$ cat model-v8.txt   # compact mmCIF, N, CA, C and O atoms
# COMPACT_ATOMS: atom_id res chain seq x y z
N MET A 1 -29.78 -0.68 -72.34
CA MET A 1 -31.13 -0.36 -72.75
C MET A 1 -31.52 1.06 -72.30
O MET A 1 -32.23 1.75 -73.01
N LEU A 2 -31.03 1.48 -71.13
CA LEU A 2 -31.35 2.81 -70.63
C LEU A 2 -30.81 3.89 -71.57
O LEU A 2 -31.52 4.86 -71.88
N LEU A 3 -29.59 3.72 -72.05
CA LEU A 3 -29.02 4.71 -72.97
C LEU A 3 -29.87 4.85 -74.22
O LEU A 3 -30.10 5.95 -74.71
N PHE A 4 -30.36 3.73 -74.73
CA PHE A 4 -31.20 3.73 -75.92
C PHE A 4 -32.50 4.48 -75.65
O PHE A 4 -32.94 5.32 -76.45
N GLN A 5 -33.13 4.21 -74.51
CA GLN A 5 -34.39 4.86 -74.15
C GLN A 5 -34.20 6.37 -73.96
O GLN A 5 -35.05 7.17 -74.36
N LEU A 6 -33.09 6.76 -73.33
CA LEU A 6 -32.82 8.19 -73.15
C LEU A 6 -32.61 8.87 -74.50
O LEU A 6 -33.10 9.98 -74.72
N ASP A 7 -31.93 8.19 -75.41
CA ASP A 7 -31.72 8.73 -76.75
C ASP A 7 -33.06 8.95 -77.46
O ASP A 7 -33.26 9.97 -78.11
N LEU A 8 -33.97 8.00 -77.31
CA LEU A 8 -35.30 8.15 -77.92
C LEU A 8 -36.04 9.36 -77.38
O LEU A 8 -36.87 9.94 -78.07
N LYS A 9 -35.73 9.75 -76.15
CA LYS A 9 -36.39 10.92 -75.54
C LYS A 9 -35.61 12.20 -75.80
O LYS A 9 -35.89 13.25 -75.23
N GLY A 10 -34.56 12.13 -76.64
CA GLY A 10 -33.80 13.31 -77.01
C GLY A 10 -32.73 13.71 -76.02
O GLY A 10 -32.25 14.84 -76.04
N ILE A 11 -32.33 12.78 -75.16
CA ILE A 11 -31.32 13.06 -74.15
C ILE A 11 -30.00 12.42 -74.57
O ILE A 11 -29.93 11.21 -74.77
N ALA A 12 -28.98 13.25 -74.73
CA ALA A 12 -27.66 12.75 -75.13
C ALA A 12 -26.84 12.43 -73.89
O ALA A 12 -26.70 13.26 -73.00
N CYS A 13 -26.34 11.20 -73.83
CA CYS A 13 -25.49 10.77 -72.73
C CYS A 13 -24.67 9.59 -73.22
O CYS A 13 -24.87 9.11 -74.33
N SER A 14 -23.74 9.15 -72.41
CA SER A 14 -22.92 8.02 -72.82
C SER A 14 -22.44 7.24 -71.61
O SER A 14 -22.59 7.69 -70.47
N GLN A 15 -21.85 6.08 -71.87
CA GLN A 15 -21.25 5.30 -70.80
C GLN A 15 -19.78 5.67 -70.72
O GLN A 15 -19.13 5.83 -71.74
N GLY A 16 -19.26 5.77 -69.52
CA GLY A 16 -17.84 6.02 -69.34
C GLY A 16 -17.45 7.46 -69.59
O GLY A 16 -18.27 8.30 -69.94
N SER A 17 -16.17 7.72 -69.41
CA SER A 17 -15.67 9.09 -69.55
C SER A 17 -15.32 9.40 -71.00
O SER A 17 -15.03 8.50 -71.79
N ALA A 18 -15.34 10.67 -71.34
CA ALA A 18 -15.03 11.08 -72.70
C ALA A 18 -13.58 10.76 -73.05
O ALA A 18 -13.26 10.40 -74.18
N CYS A 19 -12.69 10.85 -72.08
CA CYS A 19 -11.27 10.62 -72.37
C CYS A 19 -10.95 9.14 -72.53
O CYS A 19 -9.86 8.79 -72.97
N GLN A 20 -11.88 8.25 -72.20
CA GLN A 20 -11.65 6.83 -72.39
C GLN A 20 -12.61 6.25 -73.41
O GLN A 20 -12.98 5.08 -73.34
N SER A 21 -13.00 7.07 -74.36
CA SER A 21 -13.92 6.63 -75.39
C SER A 21 -13.37 5.40 -76.10
O SER A 21 -12.22 5.36 -76.50
N GLY A 22 -14.20 4.38 -76.25
CA GLY A 22 -13.79 3.16 -76.91
C GLY A 22 -13.12 2.15 -76.00
O GLY A 22 -12.85 1.03 -76.39
N SER A 23 -12.87 2.54 -74.76
CA SER A 23 -12.23 1.64 -73.81
C SER A 23 -13.28 0.84 -73.07
O SER A 23 -14.39 1.33 -72.83
N ASP A 24 -12.95 -0.38 -72.67
CA ASP A 24 -13.90 -1.17 -71.89
C ASP A 24 -13.61 -1.09 -70.40
O ASP A 24 -14.24 -1.75 -69.60
N LYS A 25 -12.64 -0.24 -70.03
CA LYS A 25 -12.33 -0.04 -68.61
C LYS A 25 -13.32 0.95 -68.00
O LYS A 25 -13.81 1.84 -68.68
N GLY A 26 -13.58 0.80 -66.72
CA GLY A 26 -14.43 1.75 -66.02
C GLY A 26 -13.72 3.06 -65.77
O GLY A 26 -12.52 3.20 -66.03
N SER A 27 -14.43 4.01 -65.26
CA SER A 27 -13.88 5.33 -64.97
C SER A 27 -12.92 5.27 -63.79
O SER A 27 -13.29 4.83 -62.70
N HIS A 28 -11.70 5.76 -64.00
CA HIS A 28 -10.74 5.81 -62.89
C HIS A 28 -11.18 6.82 -61.84
O HIS A 28 -10.88 6.67 -60.67
N VAL A 29 -11.92 7.83 -62.25
CA VAL A 29 -12.42 8.83 -61.30
C VAL A 29 -13.47 8.20 -60.39
O VAL A 29 -13.42 8.34 -59.16
N LEU A 30 -14.43 7.47 -60.98
CA LEU A 30 -15.46 6.82 -60.17
C LEU A 30 -14.85 5.78 -59.24
O LEU A 30 -15.31 5.60 -58.12
N GLU A 31 -13.81 5.11 -59.70
CA GLU A 31 -13.13 4.12 -58.85
C GLU A 31 -12.58 4.78 -57.58
O GLU A 31 -12.55 4.17 -56.52
N GLU A 32 -12.17 6.03 -57.70
CA GLU A 32 -11.59 6.74 -56.56
C GLU A 32 -12.63 7.33 -55.62
O GLU A 32 -12.40 7.41 -54.42
N VAL A 33 -13.76 7.75 -56.15
CA VAL A 33 -14.72 8.49 -55.32
C VAL A 33 -15.89 7.66 -54.81
O VAL A 33 -16.52 8.04 -53.83
N LEU A 34 -16.18 6.54 -55.46
CA LEU A 34 -17.34 5.73 -55.04
C LEU A 34 -16.97 4.75 -53.94
O LEU A 34 -15.85 4.24 -53.91
N PRO A 35 -17.93 4.46 -53.07
CA PRO A 35 -17.71 3.38 -52.10
C PRO A 35 -17.48 2.07 -52.84
O PRO A 35 -17.98 1.87 -53.97
N GLU A 36 -16.77 1.15 -52.24
CA GLU A 36 -16.40 -0.10 -52.90
C GLU A 36 -17.60 -0.87 -53.44
O GLU A 36 -17.53 -1.48 -54.51
N ALA A 37 -18.73 -0.82 -52.74
CA ALA A 37 -19.92 -1.56 -53.16
C ALA A 37 -20.44 -1.09 -54.53
O ALA A 37 -21.14 -1.84 -55.22
N TYR A 38 -20.12 0.13 -54.94
CA TYR A 38 -20.63 0.67 -56.19
C TYR A 38 -19.60 0.63 -57.33
O TYR A 38 -19.93 0.89 -58.47
N ARG A 39 -18.37 0.33 -57.02
CA ARG A 39 -17.33 0.30 -58.04
C ARG A 39 -17.58 -0.84 -59.03
O ARG A 39 -18.00 -1.91 -58.66
N GLY A 40 -17.32 -0.56 -60.29
CA GLY A 40 -17.49 -1.58 -61.31
C GLY A 40 -18.91 -1.71 -61.84
O GLY A 40 -19.16 -2.45 -62.78
N LYS A 41 -19.85 -0.99 -61.24
CA LYS A 41 -21.23 -1.03 -61.74
C LYS A 41 -21.35 -0.08 -62.93
O LYS A 41 -20.56 0.84 -63.09
N PRO A 42 -22.34 -0.29 -63.78
CA PRO A 42 -22.51 0.58 -64.94
C PRO A 42 -22.74 2.03 -64.52
O PRO A 42 -23.29 2.31 -63.46
N SER A 43 -22.29 2.93 -65.37
CA SER A 43 -22.47 4.36 -65.10
C SER A 43 -22.90 5.06 -66.39
O SER A 43 -22.70 4.55 -67.49
N ILE A 44 -23.49 6.23 -66.23
CA ILE A 44 -23.90 7.05 -67.36
C ILE A 44 -23.31 8.44 -67.16
O ILE A 44 -23.34 8.98 -66.05
N ARG A 45 -22.78 9.01 -68.23
CA ARG A 45 -22.18 10.34 -68.17
C ARG A 45 -23.08 11.34 -68.89
O ARG A 45 -23.47 11.14 -70.04
N PHE A 46 -23.41 12.41 -68.19
CA PHE A 46 -24.15 13.53 -68.77
C PHE A 46 -23.20 14.71 -68.81
O PHE A 46 -22.48 14.96 -67.85
N SER A 47 -23.18 15.44 -69.89
CA SER A 47 -22.36 16.64 -70.00
C SER A 47 -23.29 17.85 -70.07
O SER A 47 -24.28 17.85 -70.80
N PHE A 48 -22.94 18.86 -69.28
CA PHE A 48 -23.73 20.09 -69.25
C PHE A 48 -22.84 21.28 -69.53
O PHE A 48 -21.63 21.21 -69.33
N SER A 49 -23.43 22.35 -69.97
CA SER A 49 -22.69 23.59 -70.21
C SER A 49 -23.52 24.77 -69.76
O SER A 49 -24.67 24.62 -69.34
N SER A 50 -22.95 25.93 -69.89
CA SER A 50 -23.68 27.15 -69.52
C SER A 50 -24.85 27.41 -70.47
O SER A 50 -25.72 28.24 -70.17
N PHE A 51 -24.89 26.69 -71.58
CA PHE A 51 -25.99 26.86 -72.54
C PHE A 51 -27.21 26.02 -72.21
O PHE A 51 -28.27 26.22 -72.79
N ASN A 52 -27.06 25.06 -71.29
CA ASN A 52 -28.21 24.26 -70.87
C ASN A 52 -29.12 25.11 -70.01
O ASN A 52 -28.67 25.94 -69.22
N THR A 53 -30.41 24.86 -70.16
CA THR A 53 -31.39 25.59 -69.35
C THR A 53 -31.84 24.73 -68.16
O THR A 53 -31.67 23.52 -68.18
N LYS A 54 -32.42 25.38 -67.19
CA LYS A 54 -32.97 24.66 -66.03
C LYS A 54 -34.05 23.69 -66.50
O LYS A 54 -34.15 22.58 -66.00
N GLU A 55 -34.83 24.10 -67.49
CA GLU A 55 -35.90 23.25 -68.01
C GLU A 55 -35.33 21.97 -68.63
O GLU A 55 -35.92 20.89 -68.49
N GLU A 56 -34.21 22.07 -69.30
CA GLU A 56 -33.58 20.88 -69.89
C GLU A 56 -33.10 19.92 -68.80
O GLU A 56 -33.29 18.71 -68.91
N VAL A 57 -32.50 20.46 -67.76
CA VAL A 57 -32.03 19.63 -66.65
C VAL A 57 -33.23 18.99 -65.95
O VAL A 57 -33.20 17.79 -65.63
N ASP A 58 -34.28 19.76 -65.73
CA ASP A 58 -35.49 19.21 -65.10
C ASP A 58 -36.09 18.09 -65.95
O ASP A 58 -36.57 17.09 -65.42
N TYR A 59 -36.05 18.24 -67.28
CA TYR A 59 -36.56 17.20 -68.19
C TYR A 59 -35.77 15.91 -68.01
O TYR A 59 -36.36 14.83 -67.92
N VAL A 60 -34.45 16.01 -67.97
CA VAL A 60 -33.62 14.82 -67.77
C VAL A 60 -33.99 14.13 -66.45
O VAL A 60 -34.16 12.91 -66.39
N ILE A 61 -34.13 14.91 -65.40
CA ILE A 61 -34.48 14.36 -64.09
C ILE A 61 -35.83 13.67 -64.14
O ILE A 61 -36.01 12.57 -63.62
N ASP A 62 -36.81 14.31 -64.78
CA ASP A 62 -38.15 13.72 -64.89
C ASP A 62 -38.12 12.40 -65.65
O ASP A 62 -38.78 11.43 -65.26
N VAL A 63 -37.37 12.35 -66.74
CA VAL A 63 -37.28 11.13 -67.53
C VAL A 63 -36.60 10.03 -66.72
O VAL A 63 -37.04 8.87 -66.71
N LEU A 64 -35.54 10.36 -66.00
CA LEU A 64 -34.87 9.36 -65.16
C LEU A 64 -35.80 8.85 -64.07
O LEU A 64 -35.80 7.66 -63.76
N LYS A 65 -36.63 9.72 -63.52
CA LYS A 65 -37.59 9.30 -62.49
C LYS A 65 -38.58 8.30 -63.08
O LYS A 65 -38.99 7.36 -62.39
N GLU A 66 -38.98 8.48 -64.34
CA GLU A 66 -39.89 7.52 -64.99
C GLU A 66 -39.29 6.12 -64.99
O GLU A 66 -40.00 5.15 -64.75
N PHE A 67 -38.00 6.02 -65.25
CA PHE A 67 -37.35 4.70 -65.29
C PHE A 67 -37.25 4.09 -63.91
O PHE A 67 -37.36 2.88 -63.75
N ILE A 68 -37.04 4.93 -62.91
CA ILE A 68 -36.94 4.43 -61.52
C ILE A 68 -38.29 3.89 -61.06
O ILE A 68 -38.37 2.88 -60.37
N GLU A 69 -39.36 4.56 -61.47
CA GLU A 69 -40.71 4.16 -61.03
C GLU A 69 -41.21 2.90 -61.72
O GLU A 69 -42.14 2.27 -61.26
N LYS A 70 -40.60 2.51 -62.84
CA LYS A 70 -41.06 1.32 -63.58
C LYS A 70 -40.67 0.05 -62.91
O LYS A 70 -39.76 -0.19 -62.28
$ encode --input "model-v8.txt" --output "structure tokens"
Amino acid sequence: MLLFQLDLKGIACSQGSACQSGSDKGSHVLEEVLPEAYRGKPSIRFSFSSFNTKEEVDYVIDVLKEFIEK
């Protein structure tokens, strides 16, 4: 549901890594870096580039804060 809501707000993101598109396996990278208590939980991937502005990043953060406060 979060991905859908972010899309409605104009924020492009996805679940899982780009190299495992279409796979139902979790991220092997997250499996290595996250503490065990967080492994296997849902994740969201945001991609950024040098073309993104600070204002765009701030917008994403503000929108995510709205969901946390609900």
$ atom_distance --input "model-v8.txt" --atom1 "atom CA of Cys13 of chain A" --atom2 "atom CA of Ile44 of chain A"
6.7 Å
$ closest_residue --input "model-v8.txt" --among "A:Phe46, A:Lys65, A:Lys41, A:Glu56" --to "Ala12 of chain A" --atoms "all atoms listed in the file"
A:Phe46
$ axis_aligned_box --input "model-v8.txt" --around "segment 53-70 of chain A" --padding-each-side "3 Å" --output "lines of an AutoDock Vina configuration file"
center_x = -36.3
center_y = 12.7
center_z = -65.3
size_x = 17.7
size_y = 31.8
size_z = 15.8
$ select_by_dssp --input "model-v8.txt" --residues "chain A" --states "helix (DSSP H, G or I)" --output "ChimeraX atom specification"
/A:2-8,18-20,28-33,36-38,54-69
$ atom_distance --input "model-v8.txt" --atom1 "atom C of Arg39 of chain A" --atom2 "atom CA of Gln15 of chain A"
13.8 Å
$ closest_residue --input "model-v8.txt" --among "A:Glu32, A:Met1, A:Gly26, A:Lys9" --to "Tyr59 of chain A" --atoms "only N, CA, C and O atoms"
A:Lys9
$ atom_distance --input "model-v8.txt" --atom1 "atom CA of Ile61 of chain A" --atom2 "atom CA of Gly10 of chain A"
13.0 Å
$ closest_residue --input "model-v8.txt" --among "A:Val33, A:Val63, A:Glu69, A:Lys54" --to "Leu6 of chain A" --atoms "only N, CA, C and O atoms"
A:Val63
$ closest_residue --input "model-v8.txt" --among "A:Leu34, A:Ile11, A:Phe4, A:Phe48" --to "Asp62 of chain A" --atoms "only C-alpha atoms"
A:Ile11
